[in-house]
Protein chains: 6
Amino acid sequence: MKVGRRETFNSAHRLFNPAWDDEKNFEVFGKCSNPNYHGHNYVMETWVEGKIDPVTGYLMDLKELKNLIRSEVTDKFDHRNLNLDVIEFKDLNPTAENIAKVAWELISTKLPKHLSLTVRLWETENNIVEYSGE
Amino acid sequence: MKVGRRETFNSAHRLFNPAWDDEKNFEVFGKCSNPNYHGHNYVMETWVEGKIDPVTGYLMDLKELKNLIRSEVTDKFDHRNLNLDVIEFKDLNPTAENIAKVAWELISTKLPKHLSLTVRLWETENNIVEYSGE
Amino acid sequence: MKVGRRETFNSAHRLFNPAWDDEKNFEVFGKCSNPNYHGHNYVMETWVEGKIDPVTGYLMDLKELKNLIRSEVTDKFDHRNLNLDVIEFKDLNPTAENIAKVAWELISTKLPKHLSLTVRLWETENNIVEYSGE
Amino acid sequence: MKVGRRETFNSAHRLFNPAWDDEKNFEVFGKCSNPNYHGHNYVMETWVEGKIDPVTGYLMDLKELKNLIRSEVTDKFDHRNLNLDVIEFKDLNPTAENIAKVAWELISTKLPKHLSLTVRLWETENNIVEYSGE
Amino acid sequence: MKVGRRETFNSAHRLFNPAWDDEKNFEVFGKCSNPNYHGHNYVMETWVEGKIDPVTGYLMDLKELKNLIRSEVTDKFDHRNLNLDVIEFKDLNPTAENIAKVAWELISTKLPKHLSLTVRLWETENNIVEYSGE
Amino acid sequence: MKVGRRETFNSAHRLFNPAWDDEKNFEVFGKCSNPNYHGHNYVMETWVEGKIDPVTGYLMDLKELKNLIRSEVTDKFDHRNLNLDVIEFKDLNPTAENIAKVAWELISTKLPKHLSLTVRLWETENNIVEYSGE
């Protein structure tokens with residue numbers, strides 16, 4: 001059994017590989033590498049897999065999961081510039097793939113060990129990424 | 001290959017463990033244990049896995065799946081109080097997890113044996129549960 | 001110019017005219033008059049019409065509108081039984097129409113007089129009501 | 001890790017087994033076998049599974065995936081009659097199952113071999129199909 | 001006060017002015033004039049404006065409005081070819097505009113005279129039309 | 001009769017009144033004034049009101065409306081920093097209200113005079129603005 005929680009955050013970012021000059025970055029990332037940044041309303045589904053607790057009928061209290069997502073991810077990412085304000089992207093290109101991976105790692109560290117985790121991230125309504133730790 | 005069908009039902013419920021007093025229930029379940037009940041528009045995706053029938057091009061006729069979901073689940077749950085009106089929750093706390101599990105069991109019993117089943121239930125647009133029978 | 005804010009609340013209710021017996025209520029309201037209540041995830045759009053403030057660029061700060069909606073409406077209705085727990089429906093049938101009207105009145109009282117108000121309420125994804133004070 | 005791309009196409013179709021007469025087709029497929037066709041706004045999610053490229057931070061550039069989906073599938077299906085205009089359904093009933101399977105095969109042929117593919121197709125907002133090649 | 005009801009229908013159509021040859025039709029309507037038809041999942045919101053009945057708390061029973069929409073519009077349009085199967089489009093181009101206008105006229109005829117009517121039609125998730133009788 | 005077209009753009013912005021220092025800006029705009037910017041997936045509905053052309057059945061060809069929106073607004077705003085890259089916001093705070101007003105003015109200039117225009121803008125799924133030129 002799995003339970004999932006949907007949260008959102010609004011951030012600016014720029015796709016950029018510092019080993020390349022601006023021309024090469026534009027060639028690979030197109031308008032996504034605009035030096036002045038652009039932004040998204042990211043939608044993130046966080047899924048936890050485990051067993052129902054027979055006492056509460058919960059797999060995990062979704063209020064606790066919400067608080068964990070907020071303290072570890074959305075409070076850090078929301079209304080920020082991912083490249084400039086978020087330490088995890090200091091040397092990491094903030095593609096949707098890397099954002100999902102970083103969110104997975106931040107939540108995973110605080111999650112009870114008997115639960116497994118999947119993060120699904122919508123960058124736009126058409127572009128989606130999913131990460132389960134491997 | 002999988003086919004899925006989306007159906008909805010509107011029900012009242014209250015999270016409540018009868019082994020606890022009201023204070024303890026409020027401590028664990030918060031406002032979800034309001035004694036006068038609250039309610040949801042539940043959205044349920046029912047997924048069936050199997051092979052395409054070469055004669056019809058169907059895995060399973062989605063009209064038949066719809067009828068099965070309605071007769072076994074939504075006709076019983078819709079416009080009801082899950083705690084008071086639905087026999088399956090007489091001694092079972094109607095969390096999203098348990099509702100998904102009960103729906104899975106009710107549909108599973110009537111489904112041809114060569115098909116496997118998953119139920120995905122949205123309690124709100126942010127809280128989701130998925131159950132595949134294990 | 002108009003600004004709108006979307007908020008949600010989850011409530012139980014029952015359609016019921018106390019001047020009628022149960023049979024007559026069932027005849028008019030059908031399964032919506034189930035004596036043990038059913039429930040909905042209500043979605044409410046609150047629209048305010050006025051002019052842009054040239055200093056802030058806001059018509060009205062949407063954080064303030066959000067706080068007003070929460071204190072006047074959703075904190076009172078969410079995770080409640082509208083018939084039993086909400087004073088405004090003590091003698092008023094909680095149809096979608098009346099819920100929108102009550103929400104309009106509660107917000108309207110606290111809104112600056114130069115702004116006009118519209119409330120749009122989804123009871124389900126198919127049933128919608130809109131009220132502008134007349 | 002998986003990345004997904006959502007695209008849409010609008011097509012006419014008719015469910016029809018040429019080995020049967022019209023009566024038998026109507027008995028099995030109901031109004032979906034209307035001889036003059038009906039139609040849908042199909043929504044298709046295309047998912048690709050693999051590893052992040054450390055140089056770009058991409059699993060696969062979603063612009064490339066979009067171009068592949070458009071050239072192989074949506075440019076061929078969009079604003080067409082699937083039964084009459086699309087060669088793949090000349091002798092194949094265009095059920096949602098078969099459309100997903102054909103789309104999977106068309107995209108799969110052009111996809112780098114180290115990536116695995118899933119196609120999820122919404123025929124309506126309630127009827128969904130998913131295919132992963134087996 | 002207004003109440004609205006959302007219903008859907010799935011139809012094939014072709015944009016076509018019989019006074020023009022195929023070349024001229026293609027020039028004006030592009031791929032929408034494909035001779036073999038294409039199709040859509042139309043979503044229609046039907047809005048009725050009036051006053052709350054103090055006895056029921058309803059402006060109009062939405063079950064009655066649903067039945068009216070179905071008998072007058074969606075039962076006639078759903079799983080049909082609008083050009084070939086629906087009498088109203090025998091000499092009328094089935095653009096989204098004309099479909100909304102025809103639906104408005106069909107419903108309007110059967111609606112109590114003290115209620116005013118608006119039809120809002122989504123041809124795709126991006127193309128929308130609204131008609132209020134003038 | 002009205003026709004509407006939905007388009008999206010992804011931009012960075014910062015709420016900021018240059019007449020104030022950073023402290024005052026933070027006091028009024030909160031986290032929306034983060035100096036390194038944040039961003040949104042803006043969704044914009046553009047509505048045009050007029051009469052059906054009896055020759056085409058169109059009020060206005062939605063392909064033309066789409067092209068107008070793209071050339072005047074979304075090509076200029078998409079994947080840009082509104083404060084730094086868009087000339088219209090050089091001395092204008094890019095609140096949702098001002099973005100809707102600027103979009104209205106840009107489109108309005110190119111629209112045939114017999115058509116009236118409304119712009120509806122979602123900054124997030126909860127915050128919405130509508131502007132009709134007054």
# chains A, B, ... in the order shown; residues from 1 in each chain; ligands from 1
call {"tool": "residues_around", "arguments": {"residues": "stretch 88-97 of chain C", "least_positions_apart": "3", "cutoff": "9 Å", "atoms": "only C-alpha atoms", "output": "PyMOL selection string"}}
result
(chain C and resi 13-18+82-85+100-102+121-123+127-131) or (chain E and resi 1-3+52+55-59)
call {"tool": "write_last_selection", "arguments": {"atoms": "N, CA, C and O atoms", "output": "short mmCIF file (atom, residue, chain, number, x, y, z; two decimals), in the first residue's frame"}}
result
data_model
loop_
_atom_site.label_atom_id
_atom_site.label_comp_id
_atom_site.auth_asym_id
_atom_site.auth_seq_id
_atom_site.Cartn_x
_atom_site.Cartn_y
_atom_site.Cartn_z
N HIS C 13 -23.04 17.17 5.09
CA HIS C 13 -24.32 17.87 5.13
C HIS C 13 -25.46 16.91 4.77
O HIS C 13 -25.24 15.75 4.40
N ARG C 14 -26.68 17.40 4.91
CA ARG C 14 -27.89 16.67 4.53
C ARG C 14 -28.88 17.71 4.06
O ARG C 14 -29.08 18.73 4.72
N LEU C 15 -29.52 17.47 2.90
CA LEU C 15 -30.57 18.39 2.45
C LEU C 15 -31.86 18.00 3.17
O LEU C 15 -32.26 16.84 3.16
N PHE C 16 -32.50 19.00 3.80
CA PHE C 16 -33.59 18.69 4.71
C PHE C 16 -34.42 19.94 4.98
O PHE C 16 -33.87 20.98 5.35
N ASN C 17 -35.72 19.84 4.74
CA ASN C 17 -36.65 20.91 5.10
C ASN C 17 -37.41 20.44 6.33
O ASN C 17 -38.23 19.50 6.24
N PRO C 18 -37.20 21.07 7.51
CA PRO C 18 -37.81 20.57 8.75
C PRO C 18 -39.34 20.66 8.75
O PRO C 18 -39.99 20.02 9.58
N LEU C 82 -22.29 20.69 8.41
CA LEU C 82 -22.91 22.01 8.20
C LEU C 82 -24.24 22.11 8.95
O LEU C 82 -24.53 23.13 9.57
N ASN C 83 -25.07 21.05 8.93
CA ASN C 83 -26.38 21.10 9.60
C ASN C 83 -26.25 21.23 11.11
O ASN C 83 -27.01 21.98 11.74
N LEU C 84 -25.27 20.53 11.70
CA LEU C 84 -25.22 20.45 13.17
C LEU C 84 -24.21 21.41 13.80
O LEU C 84 -24.39 21.84 14.94
N ASP C 85 -23.13 21.73 13.08
CA ASP C 85 -22.02 22.46 13.71
C ASP C 85 -21.94 23.93 13.29
O ASP C 85 -21.16 24.68 13.88
N ALA C 100 -23.21 29.13 -0.72
CA ALA C 100 -22.57 30.25 -1.42
C ALA C 100 -23.08 31.59 -0.89
O ALA C 100 -22.30 32.53 -0.71
N LYS C 101 -24.37 31.67 -0.63
CA LYS C 101 -24.98 32.90 -0.12
C LYS C 101 -24.46 33.24 1.28
O LYS C 101 -24.10 34.39 1.56
N VAL C 102 -24.40 32.25 2.14
CA VAL C 102 -23.88 32.48 3.50
C VAL C 102 -22.41 32.89 3.44
O VAL C 102 -21.99 33.83 4.13
N LEU C 121 -18.94 28.46 -6.11
CA LEU C 121 -18.75 27.27 -5.29
C LEU C 121 -18.99 25.99 -6.09
O LEU C 121 -20.05 25.83 -6.69
N TRP C 122 -18.00 25.08 -6.11
CA TRP C 122 -18.16 23.75 -6.69
C TRP C 122 -18.52 22.77 -5.58
O TRP C 122 -17.70 22.51 -4.70
N GLU C 123 -19.72 22.17 -5.64
CA GLU C 123 -20.09 21.13 -4.67
C GLU C 123 -19.48 19.81 -5.10
O GLU C 123 -19.00 19.02 -4.29
N ASN C 127 -21.29 20.18 -10.33
CA ASN C 127 -22.33 21.09 -9.82
C ASN C 127 -21.70 22.37 -9.27
O ASN C 127 -20.87 22.31 -8.37
N ILE C 128 -22.09 23.54 -9.82
CA ILE C 128 -21.45 24.80 -9.50
C ILE C 128 -22.51 25.85 -9.20
O ILE C 128 -23.58 25.85 -9.80
N VAL C 129 -22.20 26.78 -8.30
CA VAL C 129 -23.10 27.88 -7.95
C VAL C 129 -22.31 29.17 -7.90
O VAL C 129 -21.15 29.17 -7.49
N GLU C 130 -22.93 30.27 -8.32
CA GLU C 130 -22.26 31.58 -8.26
C GLU C 130 -23.20 32.61 -7.68
O GLU C 130 -24.37 32.67 -8.07
N TYR C 131 -22.70 33.45 -6.76
CA TYR C 131 -23.55 34.46 -6.10
C TYR C 131 -22.79 35.77 -5.99
O TYR C 131 -21.62 35.80 -5.60
N MET E 1 -28.18 35.10 -8.73
CA MET E 1 -27.51 33.83 -8.44
C MET E 1 -27.56 32.92 -9.66
O MET E 1 -28.56 32.91 -10.39
N LYS E 2 -26.47 32.18 -9.86
CA LYS E 2 -26.41 31.26 -11.00
C LYS E 2 -26.06 29.85 -10.50
O LYS E 2 -25.26 29.70 -9.57
N VAL E 3 -26.61 28.83 -11.15
CA VAL E 3 -26.14 27.47 -10.92
C VAL E 3 -25.68 26.89 -12.25
O VAL E 3 -26.24 27.20 -13.30
N ILE E 52 -33.19 31.96 -5.55
CA ILE E 52 -33.35 30.77 -4.72
C ILE E 52 -34.83 30.60 -4.34
O ILE E 52 -35.48 31.55 -3.93
N VAL E 55 -38.36 27.47 -0.28
CA VAL E 55 -38.84 26.19 0.24
C VAL E 55 -37.79 25.10 0.11
O VAL E 55 -37.55 24.32 1.03
N THR E 56 -37.14 25.03 -1.05
CA THR E 56 -36.16 23.96 -1.27
C THR E 56 -34.72 24.42 -1.06
O THR E 56 -33.83 23.61 -0.85
N GLY E 57 -34.48 25.72 -1.13
CA GLY E 57 -33.10 26.19 -1.10
C GLY E 57 -32.40 26.02 -2.44
O GLY E 57 -31.21 26.27 -2.56
N TYR E 58 -33.13 25.58 -3.44
CA TYR E 58 -32.59 25.41 -4.79
C TYR E 58 -32.94 26.62 -5.66
O TYR E 58 -34.04 27.17 -5.53
N LEU E 59 -32.07 27.01 -6.58
CA LEU E 59 -32.46 27.88 -7.67
C LEU E 59 -33.21 27.02 -8.69
O LEU E 59 -34.31 27.33 -9.13
#
call {"tool": "select_by_dssp", "arguments": {"residues": "chain F", "states": "strand (DSSP E or B)", "output": "number ranges by chain"}}
result
F: 2-13, 38-49, 80-81, 116-122, 127-131
call {"tool": "residues_around", "arguments": {"residues": "E:Asn10", "least_positions_apart": "3", "cutoff": "12 Å", "atoms": "only C-alpha atoms", "output": "MDAnalysis selection string"}}
result
(chainID D and resid 10:14 31:32 34 37:42 123:125) or (chainID E and resid 7 13 38:44 73:82 122:124)
call {"tool": "residues_around", "arguments": {"residues": "E:Ser132", "least_positions_apart": "2", "cutoff": "9 Å", "atoms": "only C-alpha atoms", "output": "PyMOL selection string"}}
result
(chain E and resi 101+104+116-120+130+134) or (chain F and resi 1)
call {"tool": "atom_distance", "arguments": {"atom1": "atom CA of F:Arg5", "atom2": "atom CA of F:Leu65"}}
result
7.3 Å
call {"tool": "closest_residue", "arguments": {"among": "C:Asn36, C:Thr8, C:Asn126, C:Asn25", "to": "chain B", "atoms": "only C-alpha atoms"}}
result
C:Asn36
call {"tool": "decode", "arguments": {"residues": "stretch 93-109 of chain D", "atoms": "N, CA and C atoms", "output": "PDB file, in the first residue's frame"}}
result
ATOM      1  N   ASN D  93      -8.692  -2.874 -34.712  1.00  0.00           N
ATOM      2  CA  ASN D  93      -9.767  -2.101 -34.074  1.00  0.00           C
ATOM      3  C   ASN D  93      -9.159  -0.988 -33.202  1.00  0.00           C
ATOM      4  N   PRO D  94      -9.501   0.296 -33.456  1.00  0.00           N
ATOM      5  CA  PRO D  94      -8.852   1.379 -32.706  1.00  0.00           C
ATOM      6  C   PRO D  94      -9.441   1.583 -31.309  1.00  0.00           C
ATOM      7  N   THR D  95      -9.425   0.534 -30.483  1.00  0.00           N
ATOM      8  CA  THR D  95      -9.743   0.681 -29.067  1.00  0.00           C
ATOM      9  C   THR D  95      -8.623   1.487 -28.404  1.00  0.00           C
ATOM     10  N   ALA D  96      -8.883   2.018 -27.220  1.00  0.00           N
ATOM     11  CA  ALA D  96      -7.835   2.727 -26.477  1.00  0.00           C
ATOM     12  C   ALA D  96      -6.629   1.811 -26.263  1.00  0.00           C
ATOM     13  N   GLU D  97      -6.897   0.533 -26.014  1.00  0.00           N
ATOM     14  CA  GLU D  97      -5.801  -0.418 -25.798  1.00  0.00           C
ATOM     15  C   GLU D  97      -4.905  -0.494 -27.037  1.00  0.00           C
ATOM     16  N   ASN D  98      -5.538  -0.659 -28.219  1.00  0.00           N
ATOM     17  CA  ASN D  98      -4.736  -0.793 -29.430  1.00  0.00           C
ATOM     18  C   ASN D  98      -4.045   0.519 -29.819  1.00  0.00           C
ATOM     19  N   ILE D  99      -4.688   1.653 -29.545  1.00  0.00           N
ATOM     20  CA  ILE D  99      -4.040   2.940 -29.840  1.00  0.00           C
ATOM     21  C   ILE D  99      -2.775   3.097 -28.985  1.00  0.00           C
ATOM     22  N   ALA D 100      -2.875   2.747 -27.692  1.00  0.00           N
ATOM     23  CA  ALA D 100      -1.704   2.848 -26.812  1.00  0.00           C
ATOM     24  C   ALA D 100      -0.591   1.918 -27.282  1.00  0.00           C
ATOM     25  N   LYS D 101      -0.970   0.722 -27.728  1.00  0.00           N
ATOM     26  CA  LYS D 101       0.009  -0.272 -28.181  1.00  0.00           C
ATOM     27  C   LYS D 101       0.710   0.201 -29.465  1.00  0.00           C
ATOM     28  N   VAL D 102      -0.076   0.733 -30.397  1.00  0.00           N
ATOM     29  CA  VAL D 102       0.506   1.233 -31.640  1.00  0.00           C
ATOM     30  C   VAL D 102       1.429   2.426 -31.353  1.00  0.00           C
ATOM     31  N   ALA D 103       0.997   3.334 -30.493  1.00  0.00           N
ATOM     32  CA  ALA D 103       1.839   4.488 -30.152  1.00  0.00           C
ATOM     33  C   ALA D 103       3.138   4.018 -29.512  1.00  0.00           C
ATOM     34  N   TRP D 104       3.029   3.035 -28.613  1.00  0.00           N
ATOM     35  CA  TRP D 104       4.221   2.485 -27.956  1.00  0.00           C
ATOM     36  C   TRP D 104       5.194   1.925 -28.994  1.00  0.00           C
ATOM     37  N   GLU D 105       4.648   1.191 -29.978  1.00  0.00           N
ATOM     38  CA  GLU D 105       5.517   0.568 -30.989  1.00  0.00           C
ATOM     39  C   GLU D 105       6.172   1.629 -31.880  1.00  0.00           C
ATOM     40  N   LEU D 106       5.414   2.647 -32.259  1.00  0.00           N
ATOM     41  CA  LEU D 106       5.961   3.696 -33.125  1.00  0.00           C
ATOM     42  C   LEU D 106       7.080   4.470 -32.423  1.00  0.00           C
ATOM     43  N   ILE D 107       6.883   4.797 -31.147  1.00  0.00           N
ATOM     44  CA  ILE D 107       7.908   5.557 -30.414  1.00  0.00           C
ATOM     45  C   ILE D 107       9.093   4.662 -30.069  1.00  0.00           C
ATOM     46  N   SER D 108       8.796   3.458 -29.648  1.00  0.00           N
ATOM     47  CA  SER D 108       9.825   2.521 -29.185  1.00  0.00           C
ATOM     48  C   SER D 108      10.912   2.285 -30.237  1.00  0.00           C
ATOM     49  N   THR D 109      10.482   2.183 -31.507  1.00  0.00           N
ATOM     50  CA  THR D 109      11.409   1.931 -32.614  1.00  0.00           C
ATOM     51  C   THR D 109      12.489   3.007 -32.722  1.00  0.00           C
TER      52      THR D 109
END
